[in-house]
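So the structure is just underneath, and the comments pick up after that.
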Amino acid sequence: MFLYAVFALLFAFGCVTHPSHGAEVKVKDKDDKLCLYANVMVNFSVSYMTSENKTELAEFELPSEVMSSGSKCDKTSSTLNLNFGAGHSWSINFTLDGNIYQADSITFSYNLNDSTIFPKSVLNDTLSVNMRPQITDVSMNTCYACKSEETIQSDSVNQTLWNVLIQAFISNGTQSENLTTCSADLNTTPTASPTTVAPVTNTTTSTHAPTTSPAPTLPTPSTGRFAIKPDENSTACLLANFALRIGVKQGEKYQEINLDPNMTTVSGSCGVNTSELVLVSNAMTIALTFINDTKKFRLQAVNVTASLSFGVVFSEANSSLSLWEAAVGSSYMCNKEQNYTITSQLNLFTFNLQVQPFAVKKGVFSTAEECQTDSESFLVPVAVGVALLVLILIVLLAYFIGRKRNMASGYESF
């Protein structure tokens with residue numbers, strides 16, 4: 001691996017034929033030769049939760065003033081790393097296969113503690129998302145050029161790339177004048193310039209609203225184990241184990257999102273009459289409110305905020321529910337998949353569910369009261385067994401009655 005001297009420029013130079021005015025970076029190797037060039041424009045849209053329990057949308061762009069520490073080149077892999085603002089970074093990784101290179105991934109890290117971009121953010125963490133751009137099949141010794149917008153979406157972050165000009169794996173420190181042009185630009189251009197090298201499969205994501213075709217079926221979400229403690233030295237006062245998915249309707253569009261317990265922050269409170277469990281992930285925030293009427297507890301309220309893939313922040317709540325009911329001092333359990341209609345726009349799917357929001361002893365679940373479906377699954381084999389036993393008794397009874405009659409008729413004939 002080489003050592004690299006890297007610097008960022010504020011004025012566009014670019015490939016000779018396609019100058020632009022974004023964040024421009026030149027990466028040099030240990031011999032002070034140019035090995036990677038980029039001039040890009042990126043707009044970011046990030047949804048986040050505020051201390052007022054509201055979802056806000058932060059929109060900002062990649063500035064022209066960036067730092068390039070962490071950028072590097074190798075024979076078959078290169079990384080462009082741009083640091084900007086108060087702890088934010090944007091990086092793109094390239095790999096070379098023969099005479100063709102491509103961008104394998106984009107990693108965007110954003111610091112929620114930056115109050116100028118994320119005012120009143122409830123979290124102070126630095127979060128990261130990995131995405132894959134449509135920068136593929138770029139010929140060696142050519143610049144990848146794309147004036148058209150490419151929007152890459154994730155649960156909480158949208159990135160829009162445009163006026164992109166990149167050359168990775170530069171030979172002999174000389175920037176190429178030839179271009180590999182993205183298909184979106186080619187579709188709007190009647191004839192290609194003589195210096196353009198036609199791509200094989202270059203495509204970009206349309207910036208128009210996505211179609212309403214059904215979303216692919218999601219895998220079963222992972223089961224999380226959540227606990228609320230009054231303080232660090234106490235045992236849990238609220239326990240919840242479950243896998244969770246939400247189904248969201250927005251007009252004619254429908255989307256399902258799994259809760260990832262490994263990327264979820266847990267908070268909440270325990271009270272005599274009310275307890276609350278709040279789960280915050282990159283994809284959603286869900287608040288579950290339980291009430292205690294001295295004899296039984298139940299789930300009374302569900303409040304969900306989520307960032308949808310089609311660029312909409314969704315928020316829906318219902319505070320008049322009566323779900324997951326069990327006696328105080330016990331837990332509620334339902335292992336089978338359940339589908340709860342919270343509102344006309346929101347469905348809640350649970351798997352492997354067990355909750356106890358009150359009267360937790362020694363930090364473990366009390367005896368569980370099972371849901372009807374779990375009870376039914378236990379009763380079915382019992383009922384079948386009882387039915388078989390009754391059938392056997394009927395057969396035996398008929399046999400003995402028939403035999404007795406035969407014996408009686410034998411005596412009479414004698």
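Residues in the structure tokens are named by chain (A, B, ... in the order shown) and by number from 1 within that chain; ligands are numbered from 1 in the order shown.
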
- Query: Neighbours of Met284 of chain A within 6 Å (only C-alpha atoms; same-chain residues fewer than 2 positions away dropped), as a ChimeraX atom specification?
  - Reply: /A:281-282,305-306

Those same residues - C-alpha atoms - I'd like them written as an mmCIF file, in the first residue's frame.
data_model
loop_
_atom_site.group_PDB
_atom_site.id
_atom_site.type_symbol
_atom_site.label_atom_id
_atom_site.label_comp_id
_atom_site.auth_asym_id
_atom_site.auth_seq_id
_atom_site.Cartn_x
_atom_site.Cartn_y
_atom_site.Cartn_z
ATOM 1 C CA SER A 281 -33.607 3.084 15.030
ATOM 2 C CA ASN A 282 -32.400 4.606 11.773
ATOM 3 C CA THR A 305 -42.698 7.787 13.114
ATOM 4 C CA ALA A 306 -40.834 6.379 10.111
#

Name all residues at most 8 Å from Met41 of chain A (count only C-alpha atoms; drop same-chain ones fewer than 6 positions away) and give them as a JSON list (two decimals) with C-alpha atoms, in the first residue's frame.
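Final output, result.json:
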[["chain", "number", "residue", "atom", "x", "y", "z"],
["A", 21, "HIS", "CA", -18.18, 23.31, -10.04],
["A", 22, "GLY", "CA", -18.54, 20.84, -7.18],
["A", 23, "ALA", "CA", -16.17, 19.67, -4.49],
["A", 61, "GLU", "CA", -25.20, 19.79, 0.37],
["A", 62, "LEU", "CA", -21.61, 18.65, 0.13],
["A", 161, "LEU", "CA", -25.45, 12.90, -6.95],
["A", 162, "TRP", "CA", -25.16, 15.16, -10.00],
["A", 163, "ASN", "CA", -22.49, 16.81, -12.15],
["A", 164, "VAL", "CA", -20.24, 13.88, -11.29]]

- Task: List every residue of segment 150-344 of chain A that DSSP, applied to the backbone of this structure, assigns to alpha helix (DSSP H), and report them as an NGL selection string.
- Result: :A and (183-187)

Take the residues from that selection and write them out as a PDB file, in the first residue's frame, keeping C-alpha atoms.
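Wrote it out as again-v7.pdb, contents follow:
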ATOM      1  CA  SER A 183     -26.724   6.100 -19.655  1.00  0.00           C
ATOM      2  CA  ALA A 184     -28.996   8.870 -18.298  1.00  0.00           C
ATOM      3  CA  ASP A 185     -26.885  11.450 -20.114  1.00  0.00           C
ATOM      4  CA  LEU A 186     -26.711   9.318 -23.256  1.00  0.00           C
ATOM      5  CA  ASN A 187     -30.515   9.018 -23.326  1.00  0.00           C
TER       6      ASN A 187
END

- Quick one: residues within 9 Å of Ile152 of chain A, only C-alpha atoms counted, chain neighbours fewer than 5 positions away excluded, as a list in words?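 Surrounding residues, per the criterion: Met131, Arg132, Pro133, Val157, Asn158, Gln159, Thr160, Leu161 and Thr205 of chain A.
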
Selection export as an mmCIF file, in the first residue's frame, atoms kept: all heavy atoms:
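This went into out-v1.cif:
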data_model
loop_
_atom_site.group_PDB
_atom_site.id
_atom_site.type_symbol
_atom_site.label_atom_id
_atom_site.label_comp_id
_atom_site.auth_asym_id
_atom_site.auth_seq_id
_atom_site.Cartn_x
_atom_site.Cartn_y
_atom_site.Cartn_z
ATOM 1 N N MET A 131 -24.466 2.714 0.926
ATOM 2 C CA MET A 131 -25.315 2.633 -0.251
ATOM 3 C C MET A 131 -24.453 2.249 -1.458
ATOM 4 O O MET A 131 -23.227 2.392 -1.438
ATOM 5 C CB MET A 131 -26.001 3.975 -0.525
ATOM 6 C CG MET A 131 -26.844 4.487 0.625
ATOM 7 S SD MET A 131 -27.592 6.084 0.235
ATOM 8 C CE MET A 131 -28.552 6.382 1.723
ATOM 9 N N ARG A 132 -25.129 1.781 -2.509
ATOM 10 C CA ARG A 132 -24.402 1.410 -3.723
ATOM 11 C C ARG A 132 -24.849 2.305 -4.864
ATOM 12 O O ARG A 132 -26.012 2.296 -5.244
ATOM 13 C CB ARG A 132 -24.644 -0.049 -4.079
ATOM 14 C CG ARG A 132 -23.941 -0.444 -5.373
ATOM 15 C CD ARG A 132 -23.563 -1.882 -5.416
ATOM 16 N NE ARG A 132 -22.684 -2.166 -6.544
ATOM 17 C CZ ARG A 132 -22.079 -3.308 -6.745
ATOM 18 N NH1 ARG A 132 -22.242 -4.289 -5.888
ATOM 19 N NH2 ARG A 132 -21.289 -3.488 -7.787
ATOM 20 N N PRO A 133 -23.925 3.066 -5.440
ATOM 21 C CA PRO A 133 -24.286 3.911 -6.586
ATOM 22 C C PRO A 133 -24.271 3.112 -7.874
ATOM 23 O O PRO A 133 -23.748 1.994 -7.926
ATOM 24 C CB PRO A 133 -23.183 4.971 -6.586
ATOM 25 C CG PRO A 133 -21.982 4.224 -6.069
ATOM 26 C CD PRO A 133 -22.512 3.235 -5.050
ATOM 27 N N VAL A 157 -31.957 8.297 5.006
ATOM 28 C CA VAL A 157 -31.071 9.199 4.272
ATOM 29 C C VAL A 157 -31.299 9.060 2.773
ATOM 30 O O VAL A 157 -31.361 7.941 2.254
ATOM 31 C CB VAL A 157 -29.585 8.908 4.593
ATOM 32 C CG1 VAL A 157 -28.680 9.792 3.757
ATOM 33 C CG2 VAL A 157 -29.302 9.119 6.076
ATOM 34 N N ASN A 158 -31.433 10.192 2.103
ATOM 35 C CA ASN A 158 -31.423 10.230 0.643
ATOM 36 C C ASN A 158 -30.204 11.039 0.187
ATOM 37 O O ASN A 158 -29.902 12.085 0.762
ATOM 38 C CB ASN A 158 -32.689 10.889 0.096
ATOM 39 C CG ASN A 158 -33.911 10.007 0.272
ATOM 40 O OD1 ASN A 158 -33.792 8.839 0.630
ATOM 41 N ND2 ASN A 158 -35.073 10.562 0.037
ATOM 42 N N GLN A 159 -29.522 10.536 -0.833
ATOM 43 C CA GLN A 159 -28.392 11.251 -1.417
ATOM 44 C C GLN A 159 -28.658 11.434 -2.909
ATOM 45 O O GLN A 159 -29.044 10.482 -3.585
ATOM 46 C CB GLN A 159 -27.088 10.470 -1.246
ATOM 47 C CG GLN A 159 -26.706 10.170 0.197
ATOM 48 C CD GLN A 159 -25.388 9.426 0.273
ATOM 49 O OE1 GLN A 159 -24.394 9.816 -0.329
ATOM 50 N NE2 GLN A 159 -25.368 8.332 1.014
ATOM 51 N N THR A 160 -28.450 12.649 -3.389
ATOM 52 C CA THR A 160 -28.605 12.921 -4.810
ATOM 53 C C THR A 160 -27.267 13.375 -5.369
ATOM 54 O O THR A 160 -26.736 14.405 -4.955
ATOM 55 C CB THR A 160 -29.674 13.996 -5.064
ATOM 56 O OG1 THR A 160 -30.927 13.540 -4.544
ATOM 57 C CG2 THR A 160 -29.820 14.266 -6.549
ATOM 58 N N LEU A 161 -26.710 12.578 -6.297
ATOM 59 C CA LEU A 161 -25.445 12.901 -6.951
ATOM 60 C C LEU A 161 -25.743 13.521 -8.317
ATOM 61 O O LEU A 161 -26.635 13.059 -9.030
ATOM 62 C CB LEU A 161 -24.593 11.650 -7.148
ATOM 63 C CG LEU A 161 -23.885 11.031 -5.935
ATOM 64 C CD1 LEU A 161 -24.864 10.458 -4.933
ATOM 65 C CD2 LEU A 161 -22.915 9.937 -6.395
ATOM 66 N N THR A 205 -30.471 5.963 -11.153
ATOM 67 C CA THR A 205 -31.807 5.891 -10.572
ATOM 68 C C THR A 205 -32.585 7.135 -10.940
ATOM 69 O O THR A 205 -32.101 8.249 -10.773
ATOM 70 C CB THR A 205 -31.709 5.780 -9.036
ATOM 71 O OG1 THR A 205 -30.921 4.633 -8.734
ATOM 72 C CG2 THR A 205 -33.076 5.650 -8.413
#

Per residue of segment 243-276 of chain A within 12 Å of segment 114-128 of chain A, what are the shortest atom pair and its distance in Å to one decimal, counting only C-alpha atoms, with rows by chain and residue number, as JSON lines?
{"residue": "A:Met263", "atom": "CA", "partner": "A:Leu127", "partner_atom": "CA", "distance": 10.0}
{"residue": "A:Thr264", "atom": "CA", "partner": "A:Leu127", "partner_atom": "CA", "distance": 11.8}
{"residue": "A:Thr265", "atom": "CA", "partner": "A:Leu123", "partner_atom": "CA", "distance": 9.4}
{"residue": "A:Val266", "atom": "CA", "partner": "A:Leu123", "partner_atom": "CA", "distance": 11.8}
{"residue": "A:Ser267", "atom": "CA", "partner": "A:Val122", "partner_atom": "CA", "distance": 11.6}

- Provide the atom CA of Thr180 of chain A to atom CA of Val138 of chain A distance in Å, to one decimal place. 5.9 Å

- Query: Which value, in Å to one decimal, gives the distance between atom CA of Leu348 of chain A and atom CA of Gly268 of chain A?
  - Reply: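 Taking atom CA of Leu348 of chain A and atom CA of Gly268 of chain A, their separation equals 19.5 Å.
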
- Query: To one decimal place, how far is atom CA of Glu24 of chain A from atom CA of Cys143 of chain A in Å?
  - Reply: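 Taking atom CA of Glu24 of chain A as the start and atom CA of Cys143 of chain A as the end point, the length is 13.8 Å.
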
- Message: Measuring between only C-alpha atoms, which one of A:Tyr399, A:Phe84, A:Phe349, A:Tyr332 shows the shortest distance to Glu370 of chain A?
- Response: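 Going through A:Tyr399, A:Phe84, A:Phe349, A:Tyr332 one by one, the smallest distance to Glu370 of chain A is for A:Tyr332.
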
- Message: Could you list, as a count of residues only, every residue within 6 Å of segment 67-77 of chain A, counting only C-alpha atoms and ignoring same-chain residues fewer than 4 positions away?
- Response: 6

- Message: I'd like the contact shell of Asp155 of chain A - 12 Å cut-off, only C-alpha atoms, skipping same-chain residues fewer than 5 positions apart - returned as an NGL selection string.
- Response: :A and (45-48 or 128-131 or 255-260 or 281-285 or 305-314)

- Task: Counting only C-alpha atoms, figure out which residue out of A:Ala359, A:Leu277, A:Cys371, A:Ile135 gets nearest to Thr294 of chain A.
- Result: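 The shortest atom-to-atom distance to Thr294 of chain A comes from A:Ala359.
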